[in-house]
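See below for the structure under consideration.
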Amino acid sequence: MNNDIISRADTVIATTYKRFPIVIESGRGCTLWDTEGRKYTDFVAGIAVCCLGHAVPEIARALSRQAERLFHVSNLYYTVPQVELAEWLVKHSFADRVFFCNSGAEANEAAIKLVRKYFNDRKETGRHRIIAMEQSFHGRTFATLSATGQEKIRKGFDPILTGFDFVPFNDVEALKRQINEDTCAVMIEAVQGEGGVRCPSPGYIEGVRKTCDETGTLLIFDEVQTGIGRTGRLFAYEHFDVTPDIMTLAKALGNGLPIGAMTAREEIARAFQPGSHASTFGGTPVITAAALEVLRTIERENVLGHCREMGQYFKAQLKDLQKRHSVIAEVRGLGLMLGMTLTIEGMPVVQACMEKGFLINCTQEKVLRFVPPLVISKAEIDGLIACLDGIFQGYS
Ligand SMILES: *Cc1c(COP(=O)(O)O)cnc(C)c1O
């Protein structure tokens, strides 16, 4: 069964991913099963997507309830779930308005268009450049890959869009030097995810906000990965003494259903007028009804408190491993967005974990990334720690 599916996939599926040779069939909570009946504890969660775990009954019910009534109408009409989801996001964040789309890249694409339009409306057309960070990741569409500070993502697609400048993450002085009268916005991840779970130094995010304020530059937070509780707060900006002007969301918002959102302050959001931007599927009733249930569940079940507690525990356990194994260079992260940098290649460790029934991720070759469902238990964390301990013993 496995081999058959894999060879069929390798014939017909676009060759954009290097996949592990397992076929996942079902899941529950933080556990997944493959077609051979093997069981895995999932510390990937679809890359920080399934915040409440797999096959969540409440979400499935909300989805099917709405599916029985209405799948889709155009955004030419109002629908109740879309309004309720937007109200929830506005109530729980700095934002005043929400544009719904289907992915992180689309949310960032909308943010990039919005800041351009905002200054265009003010007749400041020269003010169109966006500063992003080295090692950032903002998506795979043309605008978002042009905003991504990693050569490997942009390679082969020249000419990419112009109008993007890059500065090192965690360096306010470099930002101050780069920002000028052509800059319309700064785009940043509060914790760089794909870039290797890199955290901001104390005062850095506040310094970025101050620099933007002093120059009238808009600040876009890409919270596609950090948002919806991943770092132990609903949004990562809440860890700092700042609010962004625009924030983008996706990954965990639908717990696995495709949804993205670009949120903004009123004054800025107003730059989008009827006809400025659109999305056929953006905010469609079935998906927004499910996403609303995701957010309500997070609130009702105190998932953020659990995430903070488990995040602290998990990080302490990883640091303990670091004391015992010299191949571990650093442990870092916020909440349940944790990274472990190694002095060796990470992929063999990922493979070894998979063979022992644990799914973990590796980014930037040497950084193990742990982004489990936020409902992960202590026992599940202990299981992975014991597994890693055994694997690292082979390296010392
Ligand atoms: C995953 C990710 C994206 C891209 O999201 P897609 O839904 O794959 O388009 C953008 N920004 C960040 C920070 C991400 O982690």
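The chains in the structure tokens are called A, B, ... from first to last as shown; in each chain the residues are counted from 1, and the ligands are counted from 1 in the order shown.
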
Distance filter 10 Å around ligand 1, atoms: only C-alpha atoms and all ligand atoms, out as an MDAnalysis selection string:
chainID A and resid 47:49 101:109 136:141 144:145 148 188:195 221:227 248:252 258:260

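Neighbours of stretch 374-388 of chain A closer than or equal to 6 Å, with only C-alpha atoms counted and sequence neighbours fewer than 5 positions away skipped, come out as Cys51, Leu52 and Cys307 of chain A.
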
Only N, CA, C and O atoms, please: the residues just picked out, written as a short mmCIF file (atom, residue, chain, number, x, y, z; two decimals), in the first residue's frame.
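Final output, saved to out-v7.cif:
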data_model
loop_
_atom_site.label_atom_id
_atom_site.label_comp_id
_atom_site.auth_asym_id
_atom_site.auth_seq_id
_atom_site.Cartn_x
_atom_site.Cartn_y
_atom_site.Cartn_z
N CYS A 51 -2.84 23.54 15.46
CA CYS A 51 -2.59 24.01 16.82
C CYS A 51 -3.38 23.22 17.85
O CYS A 51 -2.95 23.07 18.99
N LEU A 52 -4.52 22.71 17.47
CA LEU A 52 -5.34 21.93 18.41
C LEU A 52 -5.18 20.44 18.17
O LEU A 52 -5.91 19.64 18.76
N CYS A 307 0.09 26.11 26.53
CA CYS A 307 1.23 26.29 25.60
C CYS A 307 2.43 26.90 26.33
O CYS A 307 3.56 26.44 26.19
#

ask   = Got a sec: who's within 12 Å of A:Ala60, counting only C-alpha atoms, leaving out chain neighbours fewer than 4 positions off, as a list in words?
value =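 So the residues in contact are Arg28, Leu52, Gly53, His54, Ala55, Val56, Ser64, Arg65, Gln66, Ala67, Gly254, Asn255, Gly256, Leu257, Val286, Ile287, Ala289, Ala290, Ala291, Glu293 and Val294 of chain A.
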
Item to check | Residue among A:Arg265, A:Arg154, A:Lys356, A:Arg38 lying closest to A:Val115, counting only C-alpha atoms | outcome: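 For A:Val115, the nearest of the given residues is A:Arg265.
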
All residues 7 Å or closer to stretch 206-208 of chain A, only C-alpha atoms, same chain fewer than 4 positions away omitted, as a CSV table (one decimal) with N, CA, C and O atoms, in the first residue's frame:
chain,number,residue,atom,x,y,z
A,172,VAL,N,19.2,46.9,14.9
A,172,VAL,CA,18.4,48.1,14.7
A,172,VAL,C,19.2,49.2,13.9
A,172,VAL,O,18.7,49.9,13.1
A,212,CYS,N,10.5,52.9,12.9
A,212,CYS,CA,9.4,53.1,12.0
A,212,CYS,C,8.6,54.4,12.4
A,212,CYS,O,8.3,55.2,11.5
A,240,PHE,N,6.0,41.9,23.3
A,240,PHE,CA,6.8,43.1,23.2
A,240,PHE,C,6.0,44.4,23.5
A,240,PHE,O,4.7,44.3,23.4
A,241,ASP,N,6.6,45.5,23.7
A,241,ASP,CA,5.9,46.7,24.1
A,241,ASP,C,5.6,47.4,22.8
A,241,ASP,O,5.9,48.6,22.6
A,242,VAL,N,5.0,46.7,21.8
A,242,VAL,CA,4.7,47.3,20.5
A,242,VAL,C,3.4,46.8,20.0
A,242,VAL,O,2.9,45.8,20.3

Nearest to A:Met347 among A:Arg332, A:Arg116, A:Arg209, A:Arg369, with distances taken over only C-alpha atoms: which residue is it?
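Ranking A:Arg332, A:Arg116, A:Arg209, A:Arg369 by distance to A:Met347, first place goes to A:Arg369.
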
**Prompt:** How would you write, as an MDAnalysis selection string, the set of residues in stretch 197-380 of chain A that DSSP gives as helix (DSSP H, G or I)?
**Reply:** chainID A and resid 204:215 236:239 251:254 266:269 285:300 303:324 347:355 378:380

Neighbouring residues of A:Thr284 were defined as those with any atom within 8 Å, considering only C-alpha atoms; residues of the same chain fewer than 4 positions away were excluded. Please report them as a ChimeraX atom specification. /A:71-75,82,288

Print the selection's residues with C-alpha atoms to a file, as a PDB file, in the first residue's frame.
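Dumped everything to out_16.pdb:
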ATOM      1  CA  PHE A  71     -20.383  26.232   1.212  1.00  0.00           C
ATOM      2  CA  HIS A  72     -19.717  29.378  -0.664  1.00  0.00           C
ATOM      3  CA  VAL A  73     -21.061  32.558  -2.132  1.00  0.00           C
ATOM      4  CA  SER A  74     -19.017  35.373  -3.555  1.00  0.00           C
ATOM      5  CA  ASN A  75     -17.712  38.194  -1.401  1.00  0.00           C
ATOM      6  CA  GLN A  82     -17.000  35.660   8.001  1.00  0.00           C
ATOM      7  CA  THR A 288     -14.469  30.840   8.532  1.00  0.00           C
TER       8      THR A 288
END

Selection: 7 Å around A:Val186, only C-alpha atoms, excl. self and same-chain fewer than 5 positions, as a PyMOL selection string
chain A and resi 130-132+218-220

Please produce a file of the residues just selected, as a short mmCIF file (atom, residue, chain, number, x, y, z; two decimals), in the first residue's frame, where the atoms kept are C-alpha atoms.
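Ended up saving to again00.cif:
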data_model
loop_
_atom_site.label_atom_id
_atom_site.label_comp_id
_atom_site.auth_asym_id
_atom_site.auth_seq_id
_atom_site.Cartn_x
_atom_site.Cartn_y
_atom_site.Cartn_z
CA ILE A 130 9.94 47.61 1.68
CA ILE A 131 12.69 46.58 4.06
CA ALA A 132 12.67 42.91 5.05
CA LEU A 218 4.56 51.25 8.39
CA LEU A 219 5.38 48.10 10.31
CA ILE A 220 4.12 44.74 9.04
#

| request: Could you jot down the atom CA of A:Ile246 to atom CA of A:Ala111 separation for me, Å, one decimal place? | output: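 Distance reported for this atom pair: 7.0 Å.
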
ask   = atom CA of A:Tyr40 and atom CA of A:Gly357, how far apart in Å?
value =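 Interatomic distance here is 4.3 Å.
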
Find the residues near A:Arg19: any atom within 12 Å, counting only C-alpha atoms, skip ones fewer than 2 places away on the same chain, and give them as a short mmCIF file (atom, residue, chain, number, x, y, z; two decimals) with N, CA, C and O atoms, in the first residue's frame.
data_model
loop_
_atom_site.label_atom_id
_atom_site.label_comp_id
_atom_site.auth_asym_id
_atom_site.auth_seq_id
_atom_site.Cartn_x
_atom_site.Cartn_y
_atom_site.Cartn_z
N ILE A 6 3.32 5.68 -2.93
CA ILE A 6 4.51 6.50 -3.13
C ILE A 6 4.93 6.49 -4.59
O ILE A 6 5.22 7.55 -5.17
N SER A 7 4.90 5.33 -5.23
CA SER A 7 5.32 5.32 -6.64
C SER A 7 4.29 6.01 -7.52
O SER A 7 4.64 6.69 -8.48
N ALA A 9 2.40 8.56 -6.53
CA ALA A 9 2.61 9.99 -6.25
C ALA A 9 3.80 10.51 -7.04
O ALA A 9 3.74 11.58 -7.66
N ASP A 10 4.86 9.72 -7.03
CA ASP A 10 6.08 10.17 -7.70
C ASP A 10 5.91 10.25 -9.22
O ASP A 10 6.73 10.84 -9.92
N ILE A 13 2.51 13.70 -9.00
CA ILE A 13 2.54 14.92 -8.17
C ILE A 13 3.74 15.77 -8.58
O ILE A 13 4.82 15.23 -8.82
N ALA A 14 3.52 17.08 -8.63
CA ALA A 14 4.61 17.99 -8.96
C ALA A 14 5.78 17.74 -8.01
O ALA A 14 5.58 17.45 -6.83
N THR A 15 6.97 17.86 -8.54
CA THR A 15 8.16 17.45 -7.79
C THR A 15 8.71 18.59 -6.92
O THR A 15 9.91 18.84 -6.88
N THR A 16 7.81 19.31 -6.21
CA THR A 16 8.26 20.45 -5.42
C THR A 16 8.71 20.07 -4.01
O THR A 16 9.36 20.87 -3.34
N TYR A 17 8.35 18.89 -3.55
CA TYR A 17 8.73 18.50 -2.18
C TYR A 17 9.56 17.23 -2.18
O TYR A 17 9.28 16.30 -2.94
N PRO A 21 9.19 8.76 3.13
CA PRO A 21 8.45 7.64 2.53
C PRO A 21 7.40 7.02 3.46
O PRO A 21 7.41 5.83 3.70
N ILE A 22 6.51 7.85 3.97
CA ILE A 22 5.39 7.31 4.74
C ILE A 22 4.11 7.95 4.21
O ILE A 22 4.15 9.08 3.70
N VAL A 23 3.01 7.23 4.30
CA VAL A 23 1.72 7.73 3.85
C VAL A 23 0.83 7.86 5.09
O VAL A 23 0.48 6.87 5.71
N ILE A 24 0.52 9.10 5.44
CA ILE A 24 -0.24 9.32 6.66
C ILE A 24 -1.73 9.19 6.37
O ILE A 24 -2.23 9.76 5.41
N GLN A 351 15.27 11.62 10.59
CA GLN A 351 15.01 10.25 10.10
C GLN A 351 14.98 9.25 11.26
O GLN A 351 14.07 8.42 11.35
N ASN A 361 10.91 18.36 12.63
CA ASN A 361 11.26 19.05 11.40
C ASN A 361 12.68 19.61 11.52
O ASN A 361 13.20 19.78 12.62
#

TODO: Using DSSP on the backbone coordinates, identify the residues of stretch 44-224 of chain A assigned to strand (DSSP E or B); present them as JSON, numbers by chain.
DONE: {"A": [54, 97, 98, 99, 100, 101, 129, 130, 131, 132, 133, 134, 149, 164, 165, 166, 167, 183, 184, 185, 186, 187, 188, 192, 198, 218, 219, 220, 221, 222]}

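Going from atom CA of A:Gln322 to atom CA of A:Leu342 covers 9.7 Å.
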